[in-house]
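K.L.:
Dropping in target39.txt, with compact mmCIF, N, CA and C atoms.
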# COMPACT_ATOMS: atom_id res chain seq x y z
N MET A 1 -0.22 7.37 -10.76
CA MET A 1 -0.93 6.45 -9.93
C MET A 1 -0.06 5.95 -8.78
N GLY A 2 1.25 5.91 -8.93
CA GLY A 2 2.10 5.36 -7.92
C GLY A 2 2.51 6.33 -6.82
N LYS A 3 2.07 7.58 -6.88
CA LYS A 3 2.47 8.56 -5.89
C LYS A 3 1.85 8.24 -4.53
N THR A 4 2.65 8.28 -3.49
CA THR A 4 2.16 8.01 -2.15
C THR A 4 1.44 9.23 -1.61
N THR A 5 0.18 9.02 -1.16
CA THR A 5 -0.62 10.11 -0.62
C THR A 5 -1.11 9.80 0.79
N LEU A 6 -0.56 8.78 1.42
CA LEU A 6 -1.03 8.36 2.73
C LEU A 6 -0.58 9.34 3.80
N ASP A 7 -1.54 9.81 4.57
CA ASP A 7 -1.26 10.69 5.71
C ASP A 7 -0.42 9.91 6.72
N PRO A 8 0.78 10.37 7.08
CA PRO A 8 1.64 9.61 8.00
C PRO A 8 0.99 9.32 9.35
N ARG A 9 0.04 10.13 9.77
CA ARG A 9 -0.64 9.88 11.04
C ARG A 9 -1.52 8.64 10.99
N LEU A 10 -1.87 8.21 9.78
CA LEU A 10 -2.76 7.06 9.61
C LEU A 10 -2.00 5.80 9.25
N LYS A 11 -0.69 5.84 9.30
CA LYS A 11 0.14 4.70 8.94
C LYS A 11 -0.18 3.51 9.84
N GLU A 12 -0.49 2.40 9.21
CA GLU A 12 -0.75 1.16 9.92
C GLU A 12 0.54 0.34 9.97
N PRO A 13 0.76 -0.40 11.04
CA PRO A 13 1.94 -1.27 11.05
C PRO A 13 1.79 -2.37 10.00
N ASN A 14 2.89 -2.72 9.36
CA ASN A 14 2.87 -3.78 8.35
C ASN A 14 2.64 -5.13 9.00
N SER A 15 1.92 -5.99 8.28
CA SER A 15 1.82 -7.39 8.70
C SER A 15 3.06 -8.12 8.18
N ALA A 16 3.35 -9.29 8.72
CA ALA A 16 4.49 -10.08 8.23
C ALA A 16 4.30 -10.45 6.76
N MET A 17 3.07 -10.73 6.37
CA MET A 17 2.79 -11.07 4.97
C MET A 17 3.07 -9.87 4.07
N GLN A 18 2.67 -8.69 4.51
CA GLN A 18 2.92 -7.48 3.74
C GLN A 18 4.42 -7.26 3.56
N ASP A 19 5.18 -7.44 4.62
CA ASP A 19 6.64 -7.29 4.51
C ASP A 19 7.22 -8.32 3.56
N HIS A 20 6.72 -9.55 3.61
CA HIS A 20 7.23 -10.61 2.74
C HIS A 20 6.93 -10.34 1.27
N LEU A 21 5.69 -9.94 0.97
CA LEU A 21 5.30 -9.71 -0.42
C LEU A 21 5.79 -8.37 -0.96
N GLY A 22 5.85 -7.36 -0.10
CA GLY A 22 6.37 -6.06 -0.50
C GLY A 22 5.35 -5.02 -0.89
N TYR A 23 4.05 -5.28 -0.66
CA TYR A 23 3.07 -4.25 -1.04
C TYR A 23 3.00 -3.15 0.00
N GLN A 24 2.54 -1.97 -0.45
CA GLN A 24 2.46 -0.79 0.41
C GLN A 24 1.10 -0.14 0.26
N LEU A 25 0.54 0.31 1.36
CA LEU A 25 -0.67 1.12 1.35
C LEU A 25 -0.27 2.53 0.96
N THR A 26 -0.77 3.04 -0.17
CA THR A 26 -0.36 4.36 -0.64
C THR A 26 -1.45 5.41 -0.51
N HIS A 27 -2.69 5.01 -0.38
CA HIS A 27 -3.79 5.95 -0.15
C HIS A 27 -4.84 5.25 0.69
N TRP A 28 -5.37 5.98 1.67
CA TRP A 28 -6.43 5.43 2.51
C TRP A 28 -7.31 6.58 2.93
N GLY A 29 -8.55 6.55 2.50
CA GLY A 29 -9.50 7.59 2.82
C GLY A 29 -10.89 7.00 2.95
N GLN A 30 -11.86 7.84 3.18
CA GLN A 30 -13.24 7.39 3.34
C GLN A 30 -13.68 6.60 2.10
N ASP A 31 -14.00 5.32 2.30
CA ASP A 31 -14.54 4.42 1.27
C ASP A 31 -13.57 4.15 0.12
N HIS A 32 -12.27 4.33 0.33
CA HIS A 32 -11.31 4.12 -0.76
C HIS A 32 -9.94 3.75 -0.20
N ALA A 33 -9.25 2.87 -0.90
CA ALA A 33 -7.86 2.53 -0.54
C ALA A 33 -7.10 2.16 -1.81
N ARG A 34 -5.78 2.35 -1.77
CA ARG A 34 -4.91 2.00 -2.89
C ARG A 34 -3.63 1.38 -2.35
N LEU A 35 -3.17 0.32 -3.03
CA LEU A 35 -1.91 -0.35 -2.70
C LEU A 35 -1.03 -0.37 -3.94
N LYS A 36 0.27 -0.51 -3.72
CA LYS A 36 1.17 -0.79 -4.84
C LYS A 36 2.05 -1.97 -4.47
N GLN A 37 2.38 -2.76 -5.47
CA GLN A 37 3.14 -3.99 -5.29
C GLN A 37 4.20 -4.08 -6.37
N PRO A 38 5.47 -4.22 -5.98
CA PRO A 38 6.49 -4.43 -7.01
C PRO A 38 6.35 -5.83 -7.61
N ILE A 39 6.57 -5.92 -8.91
CA ILE A 39 6.59 -7.23 -9.56
C ILE A 39 8.02 -7.75 -9.40
N SER A 40 8.15 -8.81 -8.61
CA SER A 40 9.47 -9.36 -8.30
C SER A 40 9.43 -10.88 -8.40
N ALA A 41 10.59 -11.50 -8.37
CA ALA A 41 10.69 -12.96 -8.51
C ALA A 41 9.90 -13.70 -7.44
N GLN A 42 9.81 -13.15 -6.24
CA GLN A 42 9.16 -13.87 -5.14
C GLN A 42 7.65 -13.99 -5.28
N ILE A 43 7.03 -13.26 -6.21
CA ILE A 43 5.57 -13.36 -6.38
C ILE A 43 5.18 -14.14 -7.63
N MET A 44 6.15 -14.66 -8.36
CA MET A 44 5.87 -15.35 -9.62
C MET A 44 5.45 -16.80 -9.39
N ASN A 45 4.59 -17.29 -10.30
CA ASN A 45 4.24 -18.71 -10.30
C ASN A 45 5.17 -19.45 -11.26
N ARG A 46 4.90 -20.73 -11.50
CA ARG A 46 5.79 -21.53 -12.36
C ARG A 46 5.75 -21.09 -13.82
N ALA A 47 4.69 -20.37 -14.21
CA ALA A 47 4.59 -19.87 -15.58
C ALA A 47 5.33 -18.55 -15.77
N GLY A 48 5.91 -18.00 -14.69
CA GLY A 48 6.66 -16.76 -14.78
C GLY A 48 5.82 -15.51 -14.73
N ILE A 49 4.58 -15.62 -14.24
CA ILE A 49 3.71 -14.46 -14.07
C ILE A 49 3.29 -14.40 -12.61
N PRO A 50 2.83 -13.23 -12.15
CA PRO A 50 2.41 -13.15 -10.74
C PRO A 50 1.33 -14.18 -10.41
N HIS A 51 1.48 -14.81 -9.28
CA HIS A 51 0.56 -15.84 -8.83
C HIS A 51 -0.83 -15.25 -8.59
N GLY A 52 -1.86 -15.97 -8.97
CA GLY A 52 -3.23 -15.51 -8.76
C GLY A 52 -3.56 -15.25 -7.31
N GLY A 53 -2.92 -15.98 -6.41
CA GLY A 53 -3.13 -15.74 -4.98
C GLY A 53 -2.66 -14.36 -4.55
N LEU A 54 -1.67 -13.83 -5.24
CA LEU A 54 -1.22 -12.46 -4.95
C LEU A 54 -2.31 -11.47 -5.32
N TYR A 55 -2.93 -11.67 -6.49
CA TYR A 55 -4.03 -10.78 -6.88
C TYR A 55 -5.15 -10.83 -5.86
N ALA A 56 -5.49 -12.03 -5.40
CA ALA A 56 -6.54 -12.16 -4.38
C ALA A 56 -6.14 -11.44 -3.10
N THR A 57 -4.89 -11.57 -2.70
CA THR A 57 -4.40 -10.90 -1.50
C THR A 57 -4.48 -9.39 -1.63
N LEU A 58 -4.03 -8.86 -2.76
CA LEU A 58 -4.06 -7.41 -2.96
C LEU A 58 -5.49 -6.88 -2.98
N LEU A 59 -6.38 -7.58 -3.67
CA LEU A 59 -7.78 -7.15 -3.72
C LEU A 59 -8.43 -7.24 -2.35
N ASP A 60 -8.22 -8.34 -1.65
CA ASP A 60 -8.78 -8.52 -0.31
C ASP A 60 -8.29 -7.43 0.63
N THR A 61 -7.02 -7.12 0.58
CA THR A 61 -6.43 -6.11 1.45
C THR A 61 -6.96 -4.71 1.12
N ALA A 62 -6.95 -4.35 -0.16
CA ALA A 62 -7.42 -3.02 -0.55
C ALA A 62 -8.91 -2.85 -0.24
N MET A 63 -9.72 -3.86 -0.54
CA MET A 63 -11.15 -3.75 -0.25
C MET A 63 -11.40 -3.67 1.25
N GLY A 64 -10.67 -4.46 2.03
CA GLY A 64 -10.83 -4.40 3.48
C GLY A 64 -10.48 -3.03 4.04
N PHE A 65 -9.36 -2.47 3.59
CA PHE A 65 -8.99 -1.13 4.04
C PHE A 65 -10.02 -0.08 3.61
N SER A 66 -10.60 -0.24 2.42
CA SER A 66 -11.53 0.77 1.92
C SER A 66 -12.73 0.98 2.84
N GLY A 67 -13.12 -0.04 3.56
CA GLY A 67 -14.28 0.07 4.44
C GLY A 67 -13.97 0.32 5.89
N CYS A 68 -12.71 0.55 6.21
CA CYS A 68 -12.31 0.68 7.62
C CYS A 68 -11.67 2.01 7.97
N PHE A 69 -11.76 2.98 7.11
CA PHE A 69 -11.17 4.28 7.40
C PHE A 69 -12.00 5.01 8.45
N THR A 70 -11.36 5.47 9.51
CA THR A 70 -12.05 6.28 10.52
C THR A 70 -11.52 7.70 10.57
N GLY A 71 -10.29 7.91 10.10
CA GLY A 71 -9.68 9.23 10.16
C GLY A 71 -9.07 9.54 11.51
N ASP A 72 -9.23 8.63 12.46
CA ASP A 72 -8.73 8.84 13.82
C ASP A 72 -7.89 7.63 14.23
N PRO A 73 -6.56 7.80 14.37
CA PRO A 73 -5.70 6.67 14.73
C PRO A 73 -6.10 5.99 16.04
N ALA A 74 -6.79 6.70 16.93
CA ALA A 74 -7.23 6.11 18.20
C ALA A 74 -8.51 5.29 18.04
N GLN A 75 -9.22 5.44 16.94
CA GLN A 75 -10.47 4.72 16.67
C GLN A 75 -10.25 3.77 15.51
N LYS A 76 -9.53 2.68 15.73
CA LYS A 76 -9.22 1.75 14.64
C LYS A 76 -10.39 0.83 14.35
N SER A 77 -10.49 0.48 13.09
CA SER A 77 -11.48 -0.47 12.61
C SER A 77 -10.76 -1.46 11.71
N ILE A 78 -11.15 -2.72 11.77
CA ILE A 78 -10.56 -3.75 10.90
C ILE A 78 -11.68 -4.46 10.16
N ALA A 79 -11.33 -5.15 9.09
CA ALA A 79 -12.31 -5.89 8.29
C ALA A 79 -12.00 -7.37 8.33
N LEU A 80 -13.03 -8.17 8.45
CA LEU A 80 -12.94 -9.62 8.30
C LEU A 80 -13.66 -9.97 7.00
N THR A 81 -13.01 -10.72 6.14
CA THR A 81 -13.58 -11.05 4.84
C THR A 81 -14.64 -12.14 4.99
N LEU A 82 -15.83 -11.86 4.45
CA LEU A 82 -16.92 -12.83 4.45
C LEU A 82 -16.99 -13.56 3.11
N THR A 83 -16.85 -12.83 2.01
CA THR A 83 -16.79 -13.43 0.68
C THR A 83 -15.76 -12.67 -0.14
N LEU A 84 -15.16 -13.36 -1.09
CA LEU A 84 -14.18 -12.74 -1.98
C LEU A 84 -14.30 -13.41 -3.34
N ASN A 85 -14.54 -12.62 -4.36
CA ASN A 85 -14.61 -13.11 -5.74
C ASN A 85 -13.55 -12.39 -6.55
N VAL A 86 -12.77 -13.15 -7.31
CA VAL A 86 -11.70 -12.57 -8.12
C VAL A 86 -11.83 -13.06 -9.55
N ASN A 87 -11.75 -12.12 -10.48
CA ASN A 87 -11.71 -12.44 -11.90
C ASN A 87 -10.33 -12.08 -12.43
N PHE A 88 -9.66 -13.05 -13.04
CA PHE A 88 -8.33 -12.86 -13.60
C PHE A 88 -8.49 -12.52 -15.08
N LEU A 89 -7.98 -11.36 -15.49
CA LEU A 89 -8.30 -10.84 -16.82
C LEU A 89 -7.13 -10.75 -17.79
N SER A 90 -5.93 -10.48 -17.31
CA SER A 90 -4.81 -10.25 -18.20
C SER A 90 -3.50 -10.46 -17.46
N GLN A 91 -2.41 -10.45 -18.21
CA GLN A 91 -1.08 -10.54 -17.62
C GLN A 91 -0.46 -9.15 -17.59
N PRO A 92 0.25 -8.83 -16.50
CA PRO A 92 0.81 -7.49 -16.39
C PRO A 92 2.10 -7.31 -17.18
N THR A 93 2.38 -6.05 -17.48
CA THR A 93 3.69 -5.66 -18.01
C THR A 93 4.21 -4.56 -17.09
N GLY A 94 5.50 -4.35 -17.10
CA GLY A 94 6.09 -3.32 -16.26
C GLY A 94 6.58 -3.88 -14.95
N ALA A 95 6.85 -2.99 -14.01
CA ALA A 95 7.48 -3.35 -12.74
C ALA A 95 6.56 -3.22 -11.53
N TRP A 96 5.34 -2.67 -11.71
CA TRP A 96 4.46 -2.43 -10.57
C TRP A 96 3.02 -2.87 -10.85
N LEU A 97 2.35 -3.28 -9.78
CA LEU A 97 0.91 -3.51 -9.79
C LEU A 97 0.27 -2.52 -8.83
N TYR A 98 -0.94 -2.07 -9.15
CA TYR A 98 -1.68 -1.14 -8.31
C TYR A 98 -3.07 -1.72 -8.05
N ALA A 99 -3.45 -1.82 -6.80
CA ALA A 99 -4.79 -2.28 -6.43
C ALA A 99 -5.55 -1.11 -5.85
N GLU A 100 -6.74 -0.87 -6.39
CA GLU A 100 -7.60 0.21 -5.89
C GLU A 100 -8.95 -0.39 -5.54
N ALA A 101 -9.53 0.08 -4.45
CA ALA A 101 -10.82 -0.45 -4.01
C ALA A 101 -11.71 0.65 -3.47
N THR A 102 -13.01 0.44 -3.63
CA THR A 102 -14.00 1.37 -3.10
C THR A 102 -15.15 0.59 -2.48
N VAL A 103 -15.75 1.19 -1.47
CA VAL A 103 -16.95 0.63 -0.85
C VAL A 103 -18.12 0.88 -1.79
N THR A 104 -18.96 -0.15 -1.98
CA THR A 104 -20.11 -0.01 -2.87
C THR A 104 -21.44 -0.03 -2.12
N GLY A 105 -21.40 -0.37 -0.83
CA GLY A 105 -22.64 -0.38 -0.06
C GLY A 105 -22.43 -1.03 1.29
N GLY A 106 -23.54 -1.21 2.00
CA GLY A 106 -23.48 -1.86 3.30
C GLY A 106 -24.04 -0.98 4.39
N GLY A 107 -23.76 -1.40 5.62
CA GLY A 107 -24.27 -0.68 6.77
C GLY A 107 -23.21 -0.49 7.82
N LYS A 108 -23.64 -0.51 9.09
CA LYS A 108 -22.72 -0.23 10.19
C LYS A 108 -21.67 -1.33 10.39
N SER A 109 -22.09 -2.60 10.30
CA SER A 109 -21.15 -3.67 10.60
C SER A 109 -20.74 -4.50 9.39
N THR A 110 -21.45 -4.42 8.29
CA THR A 110 -21.11 -5.16 7.07
C THR A 110 -21.03 -4.18 5.91
N PHE A 111 -20.01 -4.37 5.06
CA PHE A 111 -19.91 -3.53 3.87
C PHE A 111 -19.50 -4.36 2.67
N PHE A 112 -19.79 -3.82 1.51
CA PHE A 112 -19.46 -4.45 0.24
C PHE A 112 -18.47 -3.54 -0.48
N ALA A 113 -17.55 -4.16 -1.20
CA ALA A 113 -16.53 -3.38 -1.90
C ALA A 113 -16.19 -4.04 -3.22
N GLU A 114 -15.62 -3.24 -4.10
CA GLU A 114 -15.08 -3.78 -5.35
C GLU A 114 -13.69 -3.20 -5.55
N GLY A 115 -12.88 -3.94 -6.27
CA GLY A 115 -11.51 -3.48 -6.49
C GLY A 115 -10.98 -3.94 -7.83
N SER A 116 -9.94 -3.28 -8.27
CA SER A 116 -9.27 -3.61 -9.53
C SER A 116 -7.77 -3.59 -9.32
N ILE A 117 -7.10 -4.42 -10.09
CA ILE A 117 -5.64 -4.40 -10.14
C ILE A 117 -5.26 -3.97 -11.55
N LEU A 118 -4.41 -2.95 -11.61
CA LEU A 118 -3.88 -2.45 -12.87
C LEU A 118 -2.37 -2.59 -12.87
N ASP A 119 -1.79 -2.78 -14.06
CA ASP A 119 -0.33 -2.72 -14.12
C ASP A 119 0.08 -1.26 -14.32
N GLU A 120 1.37 -1.01 -14.38
CA GLU A 120 1.83 0.38 -14.46
C GLU A 120 1.47 1.05 -15.78
N ASN A 121 1.04 0.27 -16.76
CA ASN A 121 0.63 0.82 -18.05
C ASN A 121 -0.88 1.05 -18.12
N GLY A 122 -1.59 0.80 -17.01
CA GLY A 122 -3.02 1.03 -16.96
C GLY A 122 -3.88 -0.13 -17.43
N ARG A 123 -3.27 -1.25 -17.73
CA ARG A 123 -4.02 -2.44 -18.17
C ARG A 123 -4.71 -3.08 -16.98
N LEU A 124 -5.99 -3.41 -17.15
CA LEU A 124 -6.75 -4.09 -16.10
C LEU A 124 -6.30 -5.55 -16.03
N ILE A 125 -5.79 -5.96 -14.88
CA ILE A 125 -5.24 -7.30 -14.69
C ILE A 125 -6.22 -8.22 -13.97
N ALA A 126 -6.89 -7.70 -12.96
CA ALA A 126 -7.86 -8.50 -12.20
C ALA A 126 -8.90 -7.57 -11.60
N HIS A 127 -10.06 -8.14 -11.32
CA HIS A 127 -11.15 -7.39 -10.70
C HIS A 127 -11.75 -8.27 -9.62
N GLY A 128 -12.19 -7.64 -8.53
CA GLY A 128 -12.77 -8.42 -7.45
C GLY A 128 -13.90 -7.71 -6.74
N THR A 129 -14.72 -8.49 -6.07
CA THR A 129 -15.77 -7.98 -5.20
C THR A 129 -15.74 -8.77 -3.90
N GLY A 130 -16.29 -8.19 -2.86
CA GLY A 130 -16.31 -8.90 -1.59
C GLY A 130 -17.28 -8.30 -0.61
N ALA A 131 -17.59 -9.09 0.40
CA ALA A 131 -18.38 -8.64 1.55
C ALA A 131 -17.49 -8.77 2.77
N PHE A 132 -17.59 -7.80 3.66
CA PHE A 132 -16.69 -7.70 4.80
C PHE A 132 -17.46 -7.34 6.06
N GLN A 133 -16.97 -7.81 7.19
CA GLN A 133 -17.53 -7.43 8.49
C GLN A 133 -16.56 -6.46 9.15
N ARG A 134 -17.09 -5.32 9.60
CA ARG A 134 -16.28 -4.31 10.30
C ARG A 134 -16.23 -4.65 11.78
N ARG A 135 -15.03 -4.53 12.35
CA ARG A 135 -14.85 -4.70 13.80
C ARG A 135 -13.94 -3.61 14.34
N GLN A 136 -14.09 -3.34 15.61
CA GLN A 136 -13.19 -2.37 16.24
C GLN A 136 -11.81 -2.98 16.33
N GLY A 137 -10.78 -2.17 16.01
CA GLY A 137 -9.41 -2.67 15.95
C GLY A 137 -8.72 -2.76 17.26
Could you express the structure from this file as C-alpha cells?
P.N.:
Amino acid sequence: MGKTTLDPRLKEPNSAMQDHLGYQLTHWGQDHARLKQPISAQIMNRAGIPHGGLYATLLDTAMGFSGCFTGDPAQKSIALTLTLNVNFLSQPTGAWLYAEATVTGGGKSTFFAEGSILDENGRLIAHGTGAFQRRQG
C-alpha cells in the first residue's frame, strides 16, 4: 500500500501544511487519490495518539484530490470543501497512516467523495465523506 505510484509529471507543489505534517500524495488518478503520513511526535495529541484533526486533514485532502484529476498539468483543478464528516474508529499501530479516497458522485462543478484511513497493518482508523466544489486551478 505504501508504494509511490504518482506520475512525476502530475506532481503538485507541497503546501506549507503538508510540509509541516509530512504527508505525501502517492497516487492520483481519475476519481481516486492516496496519501501516506508518517506517525511522528508532531502529530500526537495529549493522549499520545494522532490528533483527530490530522485524520480530518488527511481525509479532506485525499477526497479533494480524488475529484480534481485532469491528467494534464496545464489544466489544473482544485477542490473547495463544502461539507466534511469524519468518523473516528480505532487507534493506529505501526509507523504509517494511509488515506485513500474515491469520488462517489456529483456533476461538473460539485462532487461527492468518501475516504478511509488505514494504519500500516490494514486496520481501519477513520472514515469520512464530503461534498466539494471543483474550480479551475
K.L.:
Could you list, as a count of residues only, every residue within 7 Å of Gly29 (chain A), counting only N, CA and C atoms and ignoring same-chain residues fewer than 3 positions away?
P.N.:
7
K.L.:
For Leu35 (chain A), work out the shell of residues within 7 Å, counting only N, CA and C atoms and skipping chain neighbours fewer than 2 positions away, then give it as a PDB file with N, CA and C atoms, in the coordinates of the input.
P.N.:
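See selection00.pdb below for the written result:
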ATOM      1  N   TYR A  23       4.050  -5.280  -0.660  1.00  0.00           N
ATOM      2  CA  TYR A  23       3.070  -4.250  -1.040  1.00  0.00           C
ATOM      3  C   TYR A  23       3.000  -3.150   0.000  1.00  0.00           C
ATOM      4  N   GLN A  24       2.540  -1.970  -0.450  1.00  0.00           N
ATOM      5  CA  GLN A  24       2.460  -0.790   0.410  1.00  0.00           C
ATOM      6  C   GLN A  24       1.100  -0.140   0.260  1.00  0.00           C
ATOM      7  N   LEU A  25       0.540   0.310   1.360  1.00  0.00           N
ATOM      8  CA  LEU A  25      -0.670   1.120   1.350  1.00  0.00           C
ATOM      9  C   LEU A  25      -0.270   2.530   0.960  1.00  0.00           C
ATOM     10  N   THR A  26      -0.770   3.040  -0.170  1.00  0.00           N
ATOM     11  CA  THR A  26      -0.360   4.360  -0.640  1.00  0.00           C
ATOM     12  C   THR A  26      -1.450   5.410  -0.510  1.00  0.00           C
ATOM     13  N   HIS A  27      -2.690   5.010  -0.380  1.00  0.00           N
ATOM     14  CA  HIS A  27      -3.790   5.950  -0.150  1.00  0.00           C
ATOM     15  C   HIS A  27      -4.840   5.250   0.690  1.00  0.00           C
ATOM     16  N   ALA A  33      -9.250   2.870  -0.900  1.00  0.00           N
ATOM     17  CA  ALA A  33      -7.860   2.530  -0.540  1.00  0.00           C
ATOM     18  C   ALA A  33      -7.100   2.160  -1.810  1.00  0.00           C
ATOM     19  N   GLN A  37       2.380  -2.760  -5.470  1.00  0.00           N
ATOM     20  CA  GLN A  37       3.140  -3.990  -5.290  1.00  0.00           C
ATOM     21  C   GLN A  37       4.200  -4.080  -6.370  1.00  0.00           C
ATOM     22  N   ALA A  62      -6.950  -4.350  -0.160  1.00  0.00           N
ATOM     23  CA  ALA A  62      -7.420  -3.020  -0.550  1.00  0.00           C
ATOM     24  C   ALA A  62      -8.910  -2.850  -0.240  1.00  0.00           C
ATOM     25  N   LEU A  97       2.350  -3.280  -9.780  1.00  0.00           N
ATOM     26  CA  LEU A  97       0.910  -3.510  -9.790  1.00  0.00           C
ATOM     27  C   LEU A  97       0.270  -2.520  -8.830  1.00  0.00           C
ATOM     28  N   TYR A  98      -0.940  -2.070  -9.150  1.00  0.00           N
ATOM     29  CA  TYR A  98      -1.680  -1.140  -8.310  1.00  0.00           C
ATOM     30  C   TYR A  98      -3.070  -1.720  -8.050  1.00  0.00           C
ATOM     31  N   ALA A  99      -3.450  -1.820  -6.800  1.00  0.00           N
ATOM     32  CA  ALA A  99      -4.790  -2.280  -6.430  1.00  0.00           C
ATOM     33  C   ALA A  99      -5.550  -1.110  -5.850  1.00  0.00           C
ATOM     34  N   GLU A 100      -6.740  -0.870  -6.390  1.00  0.00           N
ATOM     35  CA  GLU A 100      -7.600   0.210  -5.890  1.00  0.00           C
ATOM     36  C   GLU A 100      -8.950  -0.390  -5.540  1.00  0.00           C
ATOM     37  N   ALA A 101      -9.530   0.080  -4.450  1.00  0.00           N
ATOM     38  CA  ALA A 101     -10.820  -0.450  -4.010  1.00  0.00           C
ATOM     39  C   ALA A 101     -11.710   0.650  -3.470  1.00  0.00           C
TER      40      ALA A 101
END
K.L.:
Rounded to one decimal, what separation in Å do you get between CA of Glu120 (chain A) and atom N of Gly105 (chain A)?
P.N.:
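One can read the CA of Glu120 (chain A) to atom N of Gly105 (chain A) distance as 26.9 Å.
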K.L.:
Between A:Gly53, A:Gly107, A:Pro13, A:Pro38, which residue has the minimum interatomic distance to Gly94 (chain A), considering all atoms listed in the file?
P.N.:
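Using all atoms listed in the file, the shortest distance to Gly94 (chain A) belongs to A:Pro38.
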K.L.:
Using the chain letters and numbers from this document, which residues of chain A does DSSP assign to helix (DSSP H, G or I), as a ChimeraX atom specification?
P.N.:
/A:8-10,16-21,41-43,52-66
K.L.:
Region 25-39 of chain A, all listed atoms, 8 Å padding on each side: what axis-aligned box centre and edge lengths in Å to one decimal come out, as lines of an AutoDock Vina configuration file?
P.N.:
center_x = -3.3
center_y = 0.0
center_z = -3.1
size_x = 38.6
size_y = 31.6
size_z = 28.9
K.L.:
Mind the document's chain letters and residue numbers, and return as a VMD selection string the residues of region 14-129 of chain A that DSSP labels strand (DSSP E).
P.N.:
chain A and resid 24 to 29 32 to 38 77 to 88 96 to 106 110 to 119 124 to 129
K.L.:
Which protein, DNA or RNA residues have an atom at most 7 Å from (-9.2, -3.1, 15.3), counting all atoms listed in the file? List them as a list in words.
P.N.:
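Nearby residues: Gln75, Lys76, Ser77, Ile78, Ala79, Arg135, Gln136 and Gly137 of chain A.
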K.L.:
When you draw a straight line from atom C of Ile43 (chain A) to atom C of Gly128 (chain A), how long is it in Å?
P.N.:
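Between atom C of Ile43 (chain A) and atom C of Gly128 (chain A) the gap works out to 20.2 Å.
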K.L.:
Between A:Gly52, A:Val86, A:Gly67, A:Leu124, which one has atoms that come closest to Phe112 (chain A), using only N, CA and C atoms?
P.N.:
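Using only N, CA and C atoms, the shortest distance to Phe112 (chain A) belongs to A:Gly67.
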K.L.:
Which residues are close to Leu89 (chain A), i.e. within 7 Å by all atoms listed in the file, leaving aside same-chain residues fewer than 3 positions away? Reply as a list in words.
P.N.:
Leu124, Ile125, Ala126 and His127 of chain A
K.L.:
Quick one: residues within 8 Å of Asp60 (chain A), only C-alpha atoms counted, chain neighbours fewer than 5 positions away excluded, as a ChimeraX atom specification?
P.N.:
/A:81,84,130
K.L.:
Starting from the incomplete input, reconstruct N, CA, C and O atoms of region 62-73 of chain A and write that as a PDB file, in the coordinates of the input.
P.N.:
ATOM      1  N   ALA A  62      -6.950  -4.350  -0.160  1.00  0.00           N
ATOM      2  CA  ALA A  62      -7.420  -3.020  -0.550  1.00  0.00           C
ATOM      3  C   ALA A  62      -8.910  -2.850  -0.240  1.00  0.00           C
ATOM      4  O   ALA A  62      -9.321  -1.808   0.300  1.00  0.00           O
ATOM      5  N   MET A  63      -9.720  -3.860  -0.540  1.00  0.00           N
ATOM      6  CA  MET A  63     -11.150  -3.750  -0.250  1.00  0.00           C
ATOM      7  C   MET A  63     -11.400  -3.670   1.250  1.00  0.00           C
ATOM      8  O   MET A  63     -12.249  -2.898   1.701  1.00  0.00           O
ATOM      9  N   GLY A  64     -10.670  -4.460   2.030  1.00  0.00           N
ATOM     10  CA  GLY A  64     -10.830  -4.400   3.480  1.00  0.00           C
ATOM     11  C   GLY A  64     -10.480  -3.030   4.040  1.00  0.00           C
ATOM     12  O   GLY A  64     -11.229  -2.458   4.841  1.00  0.00           O
ATOM     13  N   PHE A  65      -9.360  -2.470   3.590  1.00  0.00           N
ATOM     14  CA  PHE A  65      -8.990  -1.130   4.040  1.00  0.00           C
ATOM     15  C   PHE A  65     -10.020  -0.080   3.610  1.00  0.00           C
ATOM     16  O   PHE A  65     -10.306   0.854   4.354  1.00  0.00           O
ATOM     17  N   SER A  66     -10.600  -0.240   2.420  1.00  0.00           N
ATOM     18  CA  SER A  66     -11.530   0.770   1.920  1.00  0.00           C
ATOM     19  C   SER A  66     -12.730   0.980   2.840  1.00  0.00           C
ATOM     20  O   SER A  66     -13.275   2.075   2.920  1.00  0.00           O
ATOM     21  N   GLY A  67     -13.120  -0.040   3.560  1.00  0.00           N
ATOM     22  CA  GLY A  67     -14.280   0.070   4.440  1.00  0.00           C
ATOM     23  C   GLY A  67     -13.970   0.320   5.890  1.00  0.00           C
ATOM     24  O   GLY A  67     -14.875   0.321   6.731  1.00  0.00           O
ATOM     25  N   CYS A  68     -12.710   0.550   6.210  1.00  0.00           N
ATOM     26  CA  CYS A  68     -12.310   0.680   7.620  1.00  0.00           C
ATOM     27  C   CYS A  68     -11.670   2.010   7.970  1.00  0.00           C
ATOM     28  O   CYS A  68     -11.074   2.139   9.037  1.00  0.00           O
ATOM     29  N   PHE A  69     -11.760   2.980   7.110  1.00  0.00           N
ATOM     30  CA  PHE A  69     -11.170   4.280   7.400  1.00  0.00           C
ATOM     31  C   PHE A  69     -12.000   5.010   8.450  1.00  0.00           C
ATOM     32  O   PHE A  69     -13.213   5.150   8.302  1.00  0.00           O
ATOM     33  N   THR A  70     -11.360   5.470   9.510  1.00  0.00           N
ATOM     34  CA  THR A  70     -12.050   6.280  10.520  1.00  0.00           C
ATOM     35  C   THR A  70     -11.520   7.700  10.570  1.00  0.00           C
ATOM     36  O   THR A  70     -12.198   8.581  11.077  1.00  0.00           O
ATOM     37  N   GLY A  71     -10.290   7.910  10.100  1.00  0.00           N
ATOM     38  CA  GLY A  71      -9.680   9.230  10.160  1.00  0.00           C
ATOM     39  C   GLY A  71      -9.070   9.540  11.510  1.00  0.00           C
ATOM     40  O   GLY A  71      -8.472  10.589  11.692  1.00  0.00           O
ATOM     41  N   ASP A  72      -9.230   8.630  12.460  1.00  0.00           N
ATOM     42  CA  ASP A  72      -8.730   8.840  13.820  1.00  0.00           C
ATOM     43  C   ASP A  72      -7.890   7.630  14.230  1.00  0.00           C
ATOM     44  O   ASP A  72      -8.421   6.543  14.418  1.00  0.00           O
ATOM     45  N   PRO A  73      -6.560   7.800  14.370  1.00  0.00           N
ATOM     46  CA  PRO A  73      -5.700   6.670  14.730  1.00  0.00           C
ATOM     47  C   PRO A  73      -6.100   5.990  16.040  1.00  0.00           C
ATOM     48  O   PRO A  73      -5.802   4.816  16.252  1.00  0.00           O
TER      49      PRO A  73
END
